[in-house]
Every structure is written in C-alpha cells, then in structure tokens.
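Participant: Below is the structure I would like to discuss, written out as structure tokens.
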Amino acid sequence: MLFAIRFTDNPTAFQVRKEHFNSHIEWLKQHKNIVKAAGSLRQKDRDQPVGALWIVEAANEDEAEKVFATDPFWVFGLRSSVEVLSWSLAFEDMLA
C-alpha cells in the first residue's frame, strides 16, 4: 500500500535542519526501498522549508507510521506534527 506522509516543521527548530541534514539524507538513502519519494515543502520556491512530503510503501498504516521513527529530523525534534494518509495512484506505472 502507498501512503502520503506530510510533516510540519517546528518553525523555531531550523537549526536542527542544518545540524542533521546530512544524516537525514543518509537515512533516506538507506530507506529508499520504503520511502519512494521525499522532499521539503515551502510556501514559495526560495523560502525556508515548512515541512516535507513523503510517498511511502508499507504493508499497512501502522507500518507506515513507524517508518519515520528513526529519521534524524524526527528524532531531534524538527518535526512538530505528522499526517499519514492512504494514497492511490491514478496510473499503476506513475512511480516507475
């Protein structure tokens, strides 16, 4: 099953993003079999990130909710909230 995971960042924790960015990217590389797409969200192109959006493949919602538990951005408090939504592709081959 596919899930869209939307994170909202703590606006006062931007330093956490800077300090743990490289370890976060390494974490994503190690989990690319589960995290199919990931990226930051901004109000406008050059603004500071306000959160992130991931597309995750997991057996069920409980598994999807556990995926980010060891991500450095989550562990060190950058994320203030998370929303996990079931997601359906319009076309089967869209993520190929």
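Here, A, B, ... name the chains of the structure tokens in the order displayed, residue numbers run from 1 inside each chain, and ligands are numbered from 1 in the same displayed order.
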Let's see if you can do this: from backbone DSSP, list all strand (DSSP E) residues in stretch 18-94 of chain A, as a list in words.

Facilitator: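 In stretch 18-94 of chain A, DSSP puts these residues in strand (DSSP E): Val35, Lys36, Ala37, Ala38, Gly39, Ser40, Leu41, Gly51, Ala52, Leu53, Trp54, Ile55, Val56, Glu57, Arg79, Ser80, Ser81, Val82, Glu83, Val84, Leu85, Ser86 and Trp87 of chain A.
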
Participant: Export, as a compact mmCIF listing (two decimals), in the first residue's frame, the selected residues with N, CA, C and O atoms.

Facilitator:
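Result file again.txt:
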# COMPACT_ATOMS: atom_id res chain seq x y z
N VAL A 35 10.74 4.51 1.31
CA VAL A 35 10.41 5.90 1.02
C VAL A 35 10.65 6.10 -0.48
O VAL A 35 11.78 6.26 -0.92
N LYS A 36 9.58 6.07 -1.25
CA LYS A 36 9.66 6.12 -2.71
C LYS A 36 9.95 7.51 -3.25
O LYS A 36 10.53 7.67 -4.32
N ALA A 37 9.52 8.53 -2.54
CA ALA A 37 9.78 9.93 -2.92
C ALA A 37 9.75 10.75 -1.64
O ALA A 37 8.98 10.46 -0.72
N ALA A 38 10.60 11.77 -1.58
CA ALA A 38 10.66 12.62 -0.39
C ALA A 38 11.19 13.99 -0.78
O ALA A 38 12.02 14.10 -1.68
N GLY A 39 10.69 15.01 -0.10
CA GLY A 39 11.20 16.34 -0.33
C GLY A 39 10.57 17.36 0.59
O GLY A 39 9.52 17.11 1.18
N SER A 40 11.26 18.49 0.70
CA SER A 40 10.77 19.55 1.59
C SER A 40 9.65 20.33 0.92
O SER A 40 9.53 20.37 -0.30
N LEU A 41 8.84 20.96 1.75
CA LEU A 41 7.74 21.83 1.29
C LEU A 41 8.04 23.25 1.74
O LEU A 41 8.49 23.48 2.86
N GLY A 51 8.06 22.07 6.08
CA GLY A 51 7.72 20.67 6.32
C GLY A 51 8.23 19.81 5.18
O GLY A 51 9.16 20.19 4.48
N ALA A 52 7.61 18.66 5.02
CA ALA A 52 8.04 17.73 3.98
C ALA A 52 6.88 16.84 3.57
O ALA A 52 5.88 16.70 4.29
N LEU A 53 7.04 16.22 2.41
CA LEU A 53 6.08 15.25 1.90
C LEU A 53 6.84 14.01 1.45
O LEU A 53 7.83 14.13 0.72
N TRP A 54 6.41 12.86 1.93
CA TRP A 54 6.99 11.58 1.52
C TRP A 54 5.90 10.72 0.92
O TRP A 54 4.76 10.76 1.36
N ILE A 55 6.29 9.89 -0.03
CA ILE A 55 5.45 8.80 -0.51
C ILE A 55 6.13 7.52 -0.01
O ILE A 55 7.31 7.29 -0.29
N VAL A 56 5.38 6.73 0.75
CA VAL A 56 5.92 5.56 1.43
C VAL A 56 5.14 4.32 1.01
O VAL A 56 3.91 4.37 0.90
N GLU A 57 5.86 3.23 0.81
CA GLU A 57 5.22 1.95 0.55
C GLU A 57 5.35 1.09 1.80
O GLU A 57 6.46 0.85 2.29
N ARG A 79 10.43 18.05 13.38
CA ARG A 79 9.02 17.89 13.00
C ARG A 79 8.11 18.18 14.20
O ARG A 79 8.30 17.63 15.28
N SER A 80 7.12 19.03 13.98
CA SER A 80 6.16 19.32 15.06
C SER A 80 4.90 18.48 14.94
O SER A 80 4.22 18.26 15.93
N SER A 81 4.60 18.02 13.71
CA SER A 81 3.43 17.15 13.54
C SER A 81 3.59 16.33 12.27
O SER A 81 4.43 16.63 11.42
N VAL A 82 2.78 15.29 12.17
CA VAL A 82 2.82 14.40 11.01
C VAL A 82 1.40 13.94 10.70
O VAL A 82 0.58 13.77 11.61
N GLU A 83 1.12 13.77 9.42
CA GLU A 83 -0.17 13.26 8.97
C GLU A 83 0.12 12.11 8.00
O GLU A 83 0.91 12.27 7.07
N VAL A 84 -0.48 10.95 8.25
CA VAL A 84 -0.30 9.78 7.39
C VAL A 84 -1.62 9.49 6.70
O VAL A 84 -2.63 9.25 7.36
N LEU A 85 -1.59 9.55 5.36
CA LEU A 85 -2.80 9.35 4.57
C LEU A 85 -2.60 8.20 3.59
O LEU A 85 -1.54 8.09 2.96
N SER A 86 -3.60 7.37 3.43
CA SER A 86 -3.58 6.34 2.39
C SER A 86 -3.61 7.05 1.05
O SER A 86 -4.33 8.03 0.86
N TRP A 87 -2.82 6.55 0.07
CA TRP A 87 -2.70 7.24 -1.20
C TRP A 87 -2.83 6.24 -2.34
O TRP A 87 -2.22 5.17 -2.30

Participant: Can you list, as a list in words, all residues belonging to chain A that DSSP tags as alpha helix (DSSP H)?

Facilitator: Phe14, Gln15, Val16, Arg17, Lys18, Glu19, His20, Phe21, Asn22, Ser23, His24, Ile25, Glu26, Trp27, Leu28, Lys29, Gln30, Glu61, Asp62, Glu63, Ala64, Glu65, Lys66, Pro72, Phe73, Trp74 and Val75 of chain A

Participant: Using only C-alpha atoms, determine which residues lie at most 7 Å from stretch 20-33 of chain A, disregarding the query and same-chain residues fewer than 3 positions distant; provide the list as a PDB file with C-alpha atoms, in the first residue's frame.

Facilitator:
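Output contents, as saved in out_26.pdb:
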ATOM      1  CA  VAL A  16      18.004  21.144  13.750  1.00  0.00           C
ATOM      2  CA  ARG A  17      17.570  21.012   9.952  1.00  0.00           C
ATOM      3  CA  LYS A  36       9.665   6.118  -2.712  1.00  0.00           C
ATOM      4  CA  ASP A  71      14.723   9.647  10.896  1.00  0.00           C
ATOM      5  CA  PRO A  72      17.096  12.211  12.465  1.00  0.00           C
ATOM      6  CA  PHE A  73      14.704  15.063  11.688  1.00  0.00           C
TER       7      PHE A  73
END

Participant: To one decimal in Å, tell me the separation between atom CA of A:Phe14 and atom CA of A:Phe68.

Facilitator: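 So the two atoms, atom CA of A:Phe14 and atom CA of A:Phe68, lie 18.5 Å apart.
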
Participant: Find, counting only C-alpha atoms, the residue in A:Ala64, A:Leu89, A:Leu95, A:Val75 that gets nearest to A:Arg6.

Facilitator: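 Using only C-alpha atoms, A:Arg6 sits closest to A:Ala64.
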
Participant: In Å, how far is it from atom CA of A:Asp9 to atom CA of A:Ala69?

Facilitator: 15.1 Å

Participant: Between atom CA of A:Asp45 and atom CA of A:Phe7, measure the distance and give it in Å to one decimal.

Facilitator: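 Interatomic distance, atom CA of A:Asp45 to atom CA of A:Phe7: 17.7 Å.
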
Participant: Which is closest to A:Ala59 among A:Ser88, A:Gln43, A:Ile34, A:Gly77, if we use only C-alpha atoms?

Facilitator: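 Between A:Ser88, A:Gln43, A:Ile34, A:Gly77, the residue approaching A:Ala59 most closely is A:Ile34.
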